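Below is the file run-v8.txt, which contains compact mmCIF, C-alpha atoms.
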```txt
# COMPACT_ATOMS: atom_id res chain seq x y z
CA MET A 1 89.57 46.26 14.88
CA ASN A 2 89.04 43.78 12.05
CA PHE A 3 90.27 44.98 8.67
CA ASP A 4 89.36 41.78 6.82
CA PRO A 5 86.41 41.90 4.39
CA THR A 6 83.31 39.96 5.35
CA GLU A 7 82.53 36.67 3.65
CA GLU A 8 79.77 38.39 1.71
CA GLN A 9 82.20 41.08 0.52
CA LYS A 10 84.70 38.41 -0.56
CA LEU A 11 82.05 36.62 -2.61
CA PHE A 12 80.92 39.90 -4.15
CA ALA A 13 84.51 40.84 -5.07
CA GLU A 14 85.05 37.42 -6.67
CA ALA A 15 81.83 37.74 -8.70
CA VAL A 16 82.76 41.22 -9.95
CA ARG A 17 86.27 40.06 -10.88
CA ARG A 18 84.88 37.11 -12.84
CA PHE A 19 82.46 39.41 -14.66
CA ALA A 20 85.30 41.81 -15.53
CA GLU A 21 87.61 39.05 -16.73
CA ASP A 22 84.86 37.48 -18.86
CA ASN A 23 83.50 40.72 -20.33
CA LEU A 24 86.09 43.50 -20.07
CA ALA A 25 89.58 42.00 -20.30
CA ASP A 26 89.51 41.78 -24.09
CA GLY A 27 89.86 45.26 -25.51
CA ALA A 28 90.91 46.91 -22.23
CA LEU A 29 93.85 48.71 -23.87
CA ALA A 30 91.81 49.89 -26.87
CA ARG A 31 88.97 50.99 -24.59
CA ALA A 32 91.35 53.23 -22.65
CA HIS A 33 92.00 55.28 -25.78
CA GLN A 34 88.44 55.54 -27.06
CA PRO A 35 86.66 58.85 -26.45
CA GLY A 36 83.06 58.94 -25.36
CA PHE A 37 81.08 57.22 -22.64
CA PRO A 38 81.18 53.40 -23.08
CA PHE A 39 77.44 52.71 -23.15
CA ASP A 40 78.07 49.11 -24.25
CA VAL A 41 79.99 48.49 -21.01
CA ALA A 42 77.34 50.34 -18.99
CA GLU A 43 74.53 48.10 -20.28
CA LYS A 44 76.53 44.97 -19.43
CA MET A 45 77.19 46.31 -15.94
CA ALA A 46 73.53 47.16 -15.47
CA LYS A 47 72.56 43.55 -16.19
CA GLN A 48 75.18 42.44 -13.66
CA GLY A 49 73.76 44.77 -11.00
CA LEU A 50 76.82 47.04 -10.85
CA LEU A 51 74.91 50.27 -11.49
CA GLY A 52 72.90 51.69 -8.62
CA ILE A 53 74.71 49.61 -6.00
CA THR A 54 74.38 52.49 -3.51
CA ILE A 55 70.80 53.42 -4.48
CA PRO A 56 67.80 52.07 -2.52
CA GLU A 57 65.88 49.16 -4.02
CA GLU A 58 62.64 51.15 -4.05
CA ASP A 59 64.33 53.57 -6.46
CA GLY A 60 65.55 50.79 -8.75
CA GLY A 61 68.98 50.29 -7.19
CA GLN A 62 70.64 47.41 -5.38
CA GLY A 63 70.34 48.81 -1.85
CA GLY A 64 74.02 48.20 -1.11
CA THR A 65 76.66 50.28 0.66
CA LEU A 66 79.38 52.66 -0.41
CA MET A 67 81.87 49.95 0.51
CA ASP A 68 80.21 47.60 -1.98
CA ALA A 69 80.65 50.21 -4.72
CA VAL A 70 84.28 50.77 -3.72
CA ILE A 71 84.89 47.01 -4.03
CA ALA A 72 83.27 47.02 -7.47
CA ILE A 73 85.57 49.81 -8.67
CA GLU A 74 88.64 47.97 -7.34
CA GLN A 75 87.76 44.70 -9.06
CA VAL A 76 86.76 46.24 -12.39
CA ALA A 77 89.81 48.54 -12.51
CA ALA A 78 92.12 45.59 -11.85
CA VAL A 79 91.02 44.21 -15.24
CA CYS A 80 89.95 47.27 -17.27
CA PRO A 81 90.84 50.68 -15.80
CA ARG A 82 88.63 52.60 -18.24
CA SER A 83 85.53 50.63 -17.26
CA ALA A 84 85.90 51.73 -13.64
CA ASP A 85 84.53 55.08 -14.86
CA VAL A 86 81.20 53.37 -15.53
CA VAL A 87 80.99 52.03 -11.97
CA GLN A 88 81.75 55.56 -10.75
CA ALA A 89 79.05 57.09 -12.97
CA GLY A 90 76.47 54.53 -11.89
CA ASN A 91 77.02 54.84 -8.13
CA PHE A 92 78.72 58.10 -7.18
CA GLY A 93 78.56 61.74 -8.22
CA PRO A 94 75.41 63.27 -9.71
CA ILE A 95 73.40 60.04 -9.84
CA ARG A 96 73.83 59.65 -6.08
CA THR A 97 72.81 63.29 -5.49
CA LEU A 98 69.79 62.74 -7.72
CA ALA A 99 68.77 59.62 -5.79
CA GLU A 100 69.29 61.41 -2.45
CA TYR A 101 67.31 64.59 -3.09
CA ALA A 102 65.06 64.12 -6.15
CA SER A 103 61.29 64.03 -5.96
CA ASP A 104 59.45 60.80 -6.72
CA ASP A 105 58.48 62.24 -10.11
CA GLN A 106 62.10 63.08 -10.96
CA LYS A 107 63.29 59.63 -9.92
CA LYS A 108 60.66 57.94 -12.07
CA ARG A 109 61.58 60.05 -15.09
CA TYR A 110 65.35 59.77 -14.92
CA LEU A 111 66.65 56.86 -12.84
CA PRO A 112 65.43 53.95 -15.02
CA ASN A 113 67.51 54.97 -18.06
CA LEU A 114 70.52 55.87 -15.92
CA LEU A 115 70.43 52.57 -14.02
CA SER A 116 69.98 50.53 -17.20
CA GLY A 117 73.14 52.02 -18.71
CA LYS A 118 71.21 53.65 -21.56
CA ALA A 119 71.83 57.23 -20.42
CA ALA A 120 74.50 59.29 -18.68
CA ILE A 121 74.22 62.26 -16.31
CA SER A 122 76.72 65.13 -16.06
CA LEU A 123 77.43 67.32 -13.03
CA CYS A 124 77.82 70.97 -14.01
CA MET A 125 79.56 73.03 -11.32
CA SER A 126 82.64 74.78 -12.74
CA GLU A 127 82.47 78.00 -14.70
CA PRO A 128 85.11 80.22 -16.35
CA GLU A 129 85.28 82.33 -13.17
CA ALA A 130 84.25 79.74 -10.57
CA GLY A 131 86.41 76.66 -10.05
CA SER A 132 87.47 75.85 -6.50
CA ALA A 133 85.51 78.94 -5.40
CA VAL A 134 82.27 77.35 -6.54
CA THR A 135 80.14 79.76 -4.47
CA GLU A 136 81.17 82.48 -6.93
CA LEU A 137 79.23 80.85 -9.76
CA ARG A 138 77.30 83.24 -12.00
CA THR A 139 74.86 80.96 -13.80
CA THR A 140 71.45 82.28 -12.75
CA ALA A 141 68.00 80.74 -12.48
CA ARG A 142 64.69 82.55 -12.02
CA GLU A 143 61.19 81.19 -11.75
CA ASP A 144 58.77 82.29 -14.44
CA GLY A 145 55.37 80.74 -13.96
CA ASP A 146 55.62 77.00 -14.47
CA THR A 147 59.15 77.24 -15.89
CA ILE A 148 62.65 78.10 -14.69
CA VAL A 149 64.84 80.31 -16.89
CA ILE A 150 68.62 79.72 -16.79
CA ASN A 151 71.43 81.95 -18.07
CA GLY A 152 75.16 81.31 -17.86
CA THR A 153 77.84 78.85 -18.89
CA LYS A 154 79.53 75.73 -17.51
CA ILE A 155 82.89 74.12 -18.26
CA PHE A 156 84.87 70.95 -17.41
CA SER A 157 81.71 68.87 -16.83
CA THR A 158 82.47 65.13 -16.91
CA HIS A 159 80.51 63.15 -19.55
CA SER A 160 79.02 66.38 -20.92
CA PRO A 161 79.46 65.37 -24.61
CA ASP A 162 77.38 62.21 -24.10
CA ALA A 163 74.99 63.07 -21.27
CA SER A 164 71.26 63.30 -21.81
CA LEU A 165 70.76 64.94 -18.42
CA TYR A 166 72.70 67.72 -16.65
CA LEU A 167 72.60 68.40 -12.90
CA VAL A 168 73.39 72.12 -12.91
CA TYR A 169 74.41 74.30 -9.96
CA VAL A 170 72.65 77.66 -10.34
CA ARG A 171 72.19 80.91 -8.46
CA PHE A 172 68.67 81.94 -7.47
CA ALA A 173 69.83 84.86 -5.29
CA PRO A 174 73.06 86.47 -4.03
CA GLY A 175 75.29 84.68 -1.51
CA GLY A 176 75.88 81.04 -0.71
CA ASP A 177 72.30 80.60 0.48
CA GLY A 178 71.08 81.63 -2.94
CA ILE A 179 72.63 78.61 -4.68
CA GLY A 180 70.60 75.56 -5.67
CA SER A 181 70.43 73.05 -8.51
CA VAL A 182 68.21 72.05 -11.41
CA LEU A 183 67.89 69.12 -13.80
CA VAL A 184 68.30 70.11 -17.46
CA ASP A 185 67.50 67.78 -20.34
CA ARG A 186 69.92 67.83 -23.26
CA ASN A 187 67.21 69.00 -25.69
CA SER A 188 66.01 71.88 -23.49
CA PRO A 189 65.34 75.07 -25.50
CA GLY A 190 68.08 77.63 -24.92
CA LEU A 191 70.81 75.08 -24.12
CA SER A 192 73.71 75.03 -26.58
CA ILE A 193 76.52 72.48 -26.36
CA GLY A 194 79.97 73.43 -27.63
CA GLN A 195 82.45 71.25 -29.49
CA PRO A 196 84.21 68.57 -27.41
CA SER A 197 87.58 69.41 -25.88
CA ASN A 198 90.05 66.84 -24.60
CA PHE A 199 91.49 66.44 -21.11
CA MET A 200 95.02 65.04 -20.83
CA GLY A 201 93.51 61.85 -19.40
CA GLY A 202 91.57 61.18 -22.59
CA GLU A 203 88.14 62.26 -21.34
CA GLN A 204 86.19 64.89 -23.22
CA TRP A 205 84.10 67.83 -22.07
CA CYS A 206 81.93 70.44 -23.76
CA GLN A 207 81.23 73.99 -22.75
CA LEU A 208 77.53 74.44 -22.03
CA TYR A 209 75.75 77.71 -22.83
CA PHE A 210 72.43 78.59 -21.21
CA GLU A 211 70.70 81.48 -23.00
CA ASP A 212 67.20 81.96 -21.58
CA CYS A 213 67.14 78.18 -21.29
CA ARG A 214 63.68 77.11 -20.12
CA ILE A 215 63.02 73.98 -18.13
CA PRO A 216 59.84 72.83 -16.35
CA ALA A 217 59.54 74.00 -12.73
CA ARG A 218 59.20 70.35 -11.72
CA ASN A 219 62.92 69.98 -12.66
CA LEU A 220 63.99 71.99 -9.63
CA LEU A 221 66.19 69.66 -7.58
CA LEU A 222 67.31 71.84 -4.65
CA GLY A 223 66.19 75.46 -4.47
CA ARG A 224 67.60 78.35 -2.49
CA GLY A 225 69.54 77.16 0.51
CA GLY A 226 70.32 73.83 -1.10
CA PHE A 227 74.05 74.37 -1.51
CA LYS A 228 75.09 72.68 1.75
CA LYS A 229 73.05 69.59 0.89
CA GLN A 230 74.63 69.48 -2.56
CA ILE A 231 78.13 69.65 -1.15
CA ALA A 232 77.29 66.94 1.40
CA GLY A 233 76.16 64.78 -1.51
CA PHE A 234 79.34 65.71 -3.38
CA ASN A 235 81.37 63.92 -0.70
CA VAL A 236 80.01 60.68 -2.18
CA GLU A 237 81.57 61.66 -5.51
CA ARG A 238 84.89 62.11 -3.75
CA ILE A 239 84.74 58.52 -2.47
CA GLY A 240 84.38 57.38 -6.08
CA ASN A 241 87.20 59.63 -7.23
CA ALA A 242 89.45 58.29 -4.46
CA SER A 243 88.55 54.69 -5.31
CA ARG A 244 89.50 55.10 -8.97
CA SER A 245 92.74 56.92 -8.12
CA LEU A 246 93.81 54.13 -5.82
CA ALA A 247 92.63 51.35 -8.14
CA LEU A 248 94.45 52.74 -11.19
CA GLY A 249 97.60 53.33 -9.16
CA ARG A 250 97.44 49.71 -8.05
CA HIS A 251 96.80 48.56 -11.65
CA ALA A 252 99.99 50.32 -12.79
CA TYR A 253 101.86 48.92 -9.77
CA ASN A 254 100.81 45.36 -10.64
CA ILE A 255 101.90 45.72 -14.26
CA ALA A 256 105.28 47.11 -13.18
CA ARG A 257 105.72 44.38 -10.55
CA ALA A 258 105.21 41.64 -13.15
CA HIS A 259 107.57 43.47 -15.51
CA ALA A 260 110.28 43.75 -12.83
CA ALA A 261 110.01 40.05 -12.03
CA GLN A 262 110.46 38.98 -15.67
CA ARG A 263 112.52 41.66 -17.40
CA LYS A 264 116.30 41.17 -17.29
CA GLN A 265 119.06 43.74 -17.61
CA PHE A 266 122.77 43.14 -17.01
CA GLY A 267 121.93 39.44 -16.75
CA ARG A 268 119.61 39.82 -13.74
CA PRO A 269 115.85 40.33 -13.21
CA LEU A 270 115.04 43.96 -12.46
CA CYS A 271 113.56 42.99 -9.10
CA GLU A 272 117.03 42.02 -7.86
CA PHE A 273 118.23 45.64 -7.99
CA GLN A 274 117.83 47.29 -4.61
CA GLY A 275 116.92 50.67 -6.09
CA LEU A 276 113.83 49.13 -7.69
CA GLN A 277 113.01 47.08 -4.59
CA TRP A 278 112.78 50.30 -2.60
CA LYS A 279 110.51 51.85 -5.22
CA PHE A 280 108.07 48.95 -4.85
CA ALA A 281 108.24 49.08 -1.06
CA ASP A 282 107.39 52.80 -1.14
CA MET A 283 104.55 52.23 -3.62
CA ALA A 284 103.07 49.39 -1.56
CA LEU A 285 103.25 51.42 1.65
CA LYS A 286 101.46 54.43 0.14
CA LEU A 287 98.78 52.35 -1.60
CA GLU A 288 98.00 50.30 1.51
CA ALA A 289 97.90 53.32 3.83
CA ALA A 290 95.58 55.20 1.45
CA GLN A 291 93.34 52.15 1.16
CA LEU A 292 92.78 52.14 4.92
CA LEU A 293 91.70 55.79 4.87
CA LEU A 294 89.38 55.09 1.93
CA TYR A 295 87.79 52.12 3.68
CA ARG A 296 87.34 54.15 6.87
CA ALA A 297 85.45 56.87 5.00
CA ALA A 298 83.27 54.36 3.15
CA VAL A 299 82.46 52.12 6.12
CA ASN A 300 81.75 54.99 8.53
CA ALA A 301 79.29 56.45 5.99
CA GLU A 302 77.08 53.36 6.07
CA GLY A 303 73.47 54.52 6.17
CA LYS A 304 74.38 58.21 5.81
CA LEU A 305 76.48 60.64 3.78
CA PRO A 306 80.28 60.48 4.26
CA SER A 307 82.13 62.66 6.76
CA ALA A 308 83.65 65.73 5.13
CA TYR A 309 86.93 65.28 7.03
CA GLU A 310 87.26 61.54 6.42
CA THR A 311 86.36 61.98 2.77
CA ALA A 312 88.92 64.77 2.31
CA ALA A 313 91.62 62.67 3.99
CA ALA A 314 90.76 59.63 1.88
CA LYS A 315 90.70 61.51 -1.41
CA LEU A 316 93.93 63.34 -0.64
CA ALA A 317 95.74 60.12 0.31
CA CYS A 318 94.36 58.13 -2.64
CA ASN A 319 95.02 60.89 -5.18
CA GLN A 320 98.64 61.18 -4.10
CA ALA A 321 99.27 57.44 -3.67
CA GLY A 322 97.58 56.56 -6.96
CA PHE A 323 99.51 59.13 -8.96
CA GLU A 324 102.85 58.40 -7.28
CA ALA A 325 102.43 54.67 -7.84
CA ALA A 326 101.54 55.19 -11.51
CA ASN A 327 104.47 57.60 -11.92
CA GLU A 328 106.97 55.18 -10.37
CA ALA A 329 105.50 52.26 -12.31
CA LEU A 330 106.05 54.20 -15.52
CA GLN A 331 109.66 54.83 -14.53
CA VAL A 332 110.23 51.15 -13.78
CA MET A 333 108.73 50.18 -17.14
CA GLY A 334 110.93 52.63 -19.05
CA GLY A 335 110.01 53.10 -22.69
CA MET A 336 107.18 50.57 -22.54
CA GLY A 337 105.61 52.39 -19.60
CA TYR A 338 105.75 55.64 -21.54
CA SER A 339 104.20 54.02 -24.60
CA GLU A 340 100.48 53.79 -25.37
CA GLU A 341 101.07 50.07 -25.82
CA SER A 342 100.84 49.79 -22.03
CA LEU A 343 98.02 50.81 -19.67
CA VAL A 344 100.59 52.28 -17.31
CA GLU A 345 100.76 55.57 -19.19
CA TYR A 346 96.95 55.71 -19.20
CA CYS A 347 96.85 55.20 -15.42
CA PHE A 348 99.49 57.92 -15.05
CA ARG A 349 97.44 60.44 -17.02
CA ARG A 350 94.14 59.63 -15.32
CA THR A 351 95.46 59.68 -11.77
CA ARG A 352 97.04 63.07 -12.42
CA GLY A 353 93.68 64.53 -13.38
CA TRP A 354 91.94 63.32 -10.22
CA MET A 355 94.31 65.46 -8.13
CA ILE A 356 92.34 68.38 -9.62
CA ALA A 357 88.85 67.01 -10.29
CA GLY A 358 86.38 66.63 -7.47
CA GLY A 359 88.27 69.03 -5.22
CA ALA A 360 91.92 69.89 -5.76
CA ILE A 361 94.33 68.39 -3.24
CA GLU A 362 95.11 71.87 -1.89
CA MET A 363 91.42 72.46 -1.14
CA LEU A 364 91.25 69.09 0.60
CA LYS A 365 94.09 70.16 2.89
CA ASN A 366 92.19 73.36 3.66
CA ARG A 367 89.09 71.32 4.51
CA MET A 368 91.08 69.07 6.83
CA ALA A 369 92.65 72.08 8.57
CA GLU A 370 89.19 73.45 9.36
CA THR A 371 88.38 70.28 11.27
CA ILE A 372 91.78 70.14 12.93
CA PHE A 373 91.41 73.69 14.32
CA ASP A 374 87.60 73.57 14.61
CA ARG A 375 87.14 76.83 12.72
CA ARG A 376 86.50 78.05 9.21
CA PHE A 377 89.35 79.65 7.25
CA SER A 378 87.99 81.92 4.54
CA GLN A 379 90.11 81.96 1.37
CA ARG A 380 88.65 85.27 0.25
CA ALA A 381 90.53 88.54 0.55
CA PRO A 382 89.43 90.70 3.53
CA LYS A 383 86.79 93.27 2.72
CA PRO A 384 88.02 96.90 2.72
CA ALA A 385 87.42 98.72 5.97
```
I'd like the structure from this file rewritten - as structure tokens, please.
Amino acid sequence: MNFDPTEEQKLFAEAVRRFAEDNLADGALARAHQPGFPFDVAEKMAKQGLLGITIPEEDGGQGGTLMDAVIAIEQVAAVCPRSADVVQAGNFGPIRTLAEYASDDQKKRYLPNLLSGKAAISLCMSEPEAGSAVTELRTTAREDGDTIVINGTKIFSTHSPDASLYLVYVRFAPGGDGIGSVLVDRNSPGLSIGQPSNFMGGEQWCQLYFEDCRIPARNLLLGRGGFKKQIAGFNVERIGNASRSLALGRHAYNIARAHAAQRKQFGRPLCEFQGLQWKFADMALKLEAAQLLLYRAAVNAEGKLPSAYETAAAKLACNQAGFEAANEALQVMGGMGYSEESLVEYCFRRTRGWMIAGGAIEMLKNRMAETIFDRRFSQRAPKPA
């Protein structure tokens, strides 16, 4: 099996790296500590063709593969970790679900602004009583003539303070088969947006309140029975999550490696101390092993949605390797690594969050176990006899 990138992939990676170095290197540290979605970066990326890489050309995208988008995240994050979020937003997550399942009318109304970097979309799944157990969501939707009426609340939605469009998981009827999704514009009557709250990683989110919120019936994305399709599409988001985790872990690793080669203590470069050599060997091993699992999931998904098992394995490995590399890099850097004067602490905080977002690592292990034993393991308590 050949693990080397193709010549086309090498040229693409070089072009993305040059773009990042020319446009994103300056201000990378400051950008990491700025709240809000970086629309200025998004518009530059759109002109470079880095948004919509995975979306068909007929829908305004580039018609590329998941592997192309993974490469773009790697190259951008190597220069500016914060800007990798824009590649994620423009290729994975809700925009990919929208492109996969939306009607032609919905695509025409929403994709142009999203792919030009002028707008952001937010995925709204979690609720106060429905996190990992997403099928227990309580936000309801009912059809009322030519409108859909929504009631409920959502929390922890990425980009929610800045989004103009929300892809909202809703309940049309009891049970898992009663779950679907709708597209809600920011200015929809009955939608209230709370004050921004901060995640440890620096991102912000707003609680969303739907009180008899009315949207046009044409904004129905997936009706009753659409939950399985939505989760299949969500596996694409996990590839993006895994890519950023790995890329930021490697960014921190590279900073620490340069530091260890130059910094002297006790009259010797840090890299000459065996204890630190072993740290770097462990980091390299975990990063490289996780990268192979990520590439497997991305390449095997070519032309279709990713495998649930391969995606879970890739995200689990990349989440753990990325965080552990950032954590060890911070330790190697000492006070400078712990300081906001270095991007290492930023990578540490962000990689920690991705072990929760997009499917907690414990849930990923559960998903893998179901494939290993070829059976479903319900996490719910047994019903009383």
TODO: Determine, counting only C-alpha atoms, which protein, DNA and RNA residues have an atom within 7 Å of an atom of region 309-315 of chain A; residues of the same chain fewer than 5 positions away are not included. Present the result as a PyMOL selection string.
DONE: chain A and resi 235+238-239+242+290+293-294+297+364+367-368+371
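Each of A:Ser122, A:Asn241, A:Thr54, A:Gln379 was checked against Ala99 (chain A) using only C-alpha atoms; the smallest atom-to-atom distance is that of A:Thr54.
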Go ahead and fit an axis-aligned box to every listed atom of region 62-65 of chain A plus 8 Å each side, and pass me the centre and edge lengths in Å, one decimal, as JSON.
```
{"center_x": 73.5, "center_y": 48.8, "center_z": -2.4, "size_x": 22.3, "size_y": 18.9, "size_z": 22.0}
```
TODO: Could you check which of A:Ala15, A:Leu316, A:Leu115, A:Ala133 is closest to Gln75 (chain A), using all atoms listed in the file?
DONE: A:Ala15
Open item on the list: If we count only C-alpha atoms and set the cut-off at 12 Å, which residues sit around region 199-201 of chain A, ignoring sequence neighbours fewer than 2 positions away in its own chain? Please answer as a ChimeraX atom specification.
Closed with: /A:32-35,82,155-159,196-197,203-206,343,345-357
- [ ] Work out how far CA of Ala173 (chain A) is from CA of Ala141 (chain A), in Å to one decimal.
- [x] 8.5 Å
Can you patch up region 314-336 of chain A, filling it in to N, CA and C atoms, and show the result as a PDB file, keeping the file's coordinate frame?
```pdb
ATOM      1  N   ALA A 314      90.694  60.786   2.766  1.00  0.00           N
ATOM      2  CA  ALA A 314      90.760  59.630   1.880  1.00  0.00           C
ATOM      3  C   ALA A 314      91.095  60.037   0.450  1.00  0.00           C
ATOM      4  N   LYS A 315      90.438  61.078  -0.040  1.00  0.00           N
ATOM      5  CA  LYS A 315      90.700  61.510  -1.410  1.00  0.00           C
ATOM      6  C   LYS A 315      92.128  62.035  -1.556  1.00  0.00           C
ATOM      7  N   LEU A 316      92.570  62.808  -0.587  1.00  0.00           N
ATOM      8  CA  LEU A 316      93.930  63.340  -0.640  1.00  0.00           C
ATOM      9  C   LEU A 316      94.947  62.199  -0.666  1.00  0.00           C
ATOM     10  N   ALA A 317      94.792  61.235   0.236  1.00  0.00           N
ATOM     11  CA  ALA A 317      95.740  60.120   0.310  1.00  0.00           C
ATOM     12  C   ALA A 317      95.699  59.277  -0.955  1.00  0.00           C
ATOM     13  N   CYS A 318      94.489  58.991  -1.450  1.00  0.00           N
ATOM     14  CA  CYS A 318      94.360  58.130  -2.640  1.00  0.00           C
ATOM     15  C   CYS A 318      94.821  58.838  -3.906  1.00  0.00           C
ATOM     16  N   ASN A 319      94.538  60.134  -4.024  1.00  0.00           N
ATOM     17  CA  ASN A 319      95.020  60.890  -5.180  1.00  0.00           C
ATOM     18  C   ASN A 319      96.537  60.872  -5.245  1.00  0.00           C
ATOM     19  N   GLN A 320      97.180  61.126  -4.110  1.00  0.00           N
ATOM     20  CA  GLN A 320      98.640  61.180  -4.100  1.00  0.00           C
ATOM     21  C   GLN A 320      99.246  59.784  -4.274  1.00  0.00           C
ATOM     22  N   ALA A 321      98.714  58.797  -3.562  1.00  0.00           N
ATOM     23  CA  ALA A 321      99.270  57.440  -3.670  1.00  0.00           C
ATOM     24  C   ALA A 321      99.053  56.862  -5.057  1.00  0.00           C
ATOM     25  N   GLY A 322      97.857  57.085  -5.631  1.00  0.00           N
ATOM     26  CA  GLY A 322      97.580  56.560  -6.960  1.00  0.00           C
ATOM     27  C   GLY A 322      98.494  57.148  -8.013  1.00  0.00           C
ATOM     28  N   PHE A 323      98.653  58.484  -7.978  1.00  0.00           N
ATOM     29  CA  PHE A 323      99.510  59.130  -8.960  1.00  0.00           C
ATOM     30  C   PHE A 323     100.975  58.736  -8.766  1.00  0.00           C
ATOM     31  N   GLU A 324     101.440  58.728  -7.528  1.00  0.00           N
ATOM     32  CA  GLU A 324     102.850  58.400  -7.280  1.00  0.00           C
ATOM     33  C   GLU A 324     103.162  56.963  -7.666  1.00  0.00           C
ATOM     34  N   ALA A 325     102.213  56.058  -7.437  1.00  0.00           N
ATOM     35  CA  ALA A 325     102.430  54.670  -7.840  1.00  0.00           C
ATOM     36  C   ALA A 325     102.474  54.553  -9.361  1.00  0.00           C
ATOM     37  N   ALA A 326     101.553  55.237 -10.049  1.00  0.00           N
ATOM     38  CA  ALA A 326     101.540  55.190 -11.510  1.00  0.00           C
ATOM     39  C   ALA A 326     102.807  55.826 -12.083  1.00  0.00           C
ATOM     40  N   ASN A 327     103.254  56.914 -11.468  1.00  0.00           N
ATOM     41  CA  ASN A 327     104.470  57.600 -11.920  1.00  0.00           C
ATOM     42  C   ASN A 327     105.694  56.709 -11.759  1.00  0.00           C
ATOM     43  N   GLU A 328     105.824  56.062 -10.605  1.00  0.00           N
ATOM     44  CA  GLU A 328     106.970  55.180 -10.370  1.00  0.00           C
ATOM     45  C   GLU A 328     106.887  53.930 -11.239  1.00  0.00           C
ATOM     46  N   ALA A 329     105.668  53.423 -11.441  1.00  0.00           N
ATOM     47  CA  ALA A 329     105.500  52.260 -12.310  1.00  0.00           C
ATOM     48  C   ALA A 329     105.952  52.584 -13.727  1.00  0.00           C
ATOM     49  N   LEU A 330     105.619  53.770 -14.192  1.00  0.00           N
ATOM     50  CA  LEU A 330     106.050  54.200 -15.520  1.00  0.00           C
ATOM     51  C   LEU A 330     107.563  54.249 -15.599  1.00  0.00           C
ATOM     52  N   GLN A 331     108.196  54.752 -14.547  1.00  0.00           N
ATOM     53  CA  GLN A 331     109.660  54.830 -14.530  1.00  0.00           C
ATOM     54  C   GLN A 331     110.289  53.445 -14.563  1.00  0.00           C
ATOM     55  N   VAL A 332     109.730  52.533 -13.792  1.00  0.00           N
ATOM     56  CA  VAL A 332     110.230  51.150 -13.780  1.00  0.00           C
ATOM     57  C   VAL A 332     110.101  50.512 -15.153  1.00  0.00           C
ATOM     58  N   MET A 333     109.001  50.791 -15.829  1.00  0.00           N
ATOM     59  CA  MET A 333     108.730  50.180 -17.140  1.00  0.00           C
ATOM     60  C   MET A 333     109.569  50.794 -18.257  1.00  0.00           C
ATOM     61  N   GLY A 334     110.114  51.983 -18.025  1.00  0.00           N
ATOM     62  CA  GLY A 334     110.930  52.630 -19.050  1.00  0.00           C
ATOM     63  C   GLY A 334     110.120  53.003 -20.272  1.00  0.00           C
ATOM     64  N   GLY A 335     110.661  52.725 -21.438  1.00  0.00           N
ATOM     65  CA  GLY A 335     110.010  53.100 -22.690  1.00  0.00           C
ATOM     66  C   GLY A 335     108.646  52.466 -22.854  1.00  0.00           C
ATOM     67  N   MET A 336     108.478  51.228 -22.418  1.00  0.00           N
ATOM     68  CA  MET A 336     107.180  50.570 -22.540  1.00  0.00           C
ATOM     69  C   MET A 336     106.130  51.243 -21.657  1.00  0.00           C
TER      70      MET A 336
END
```
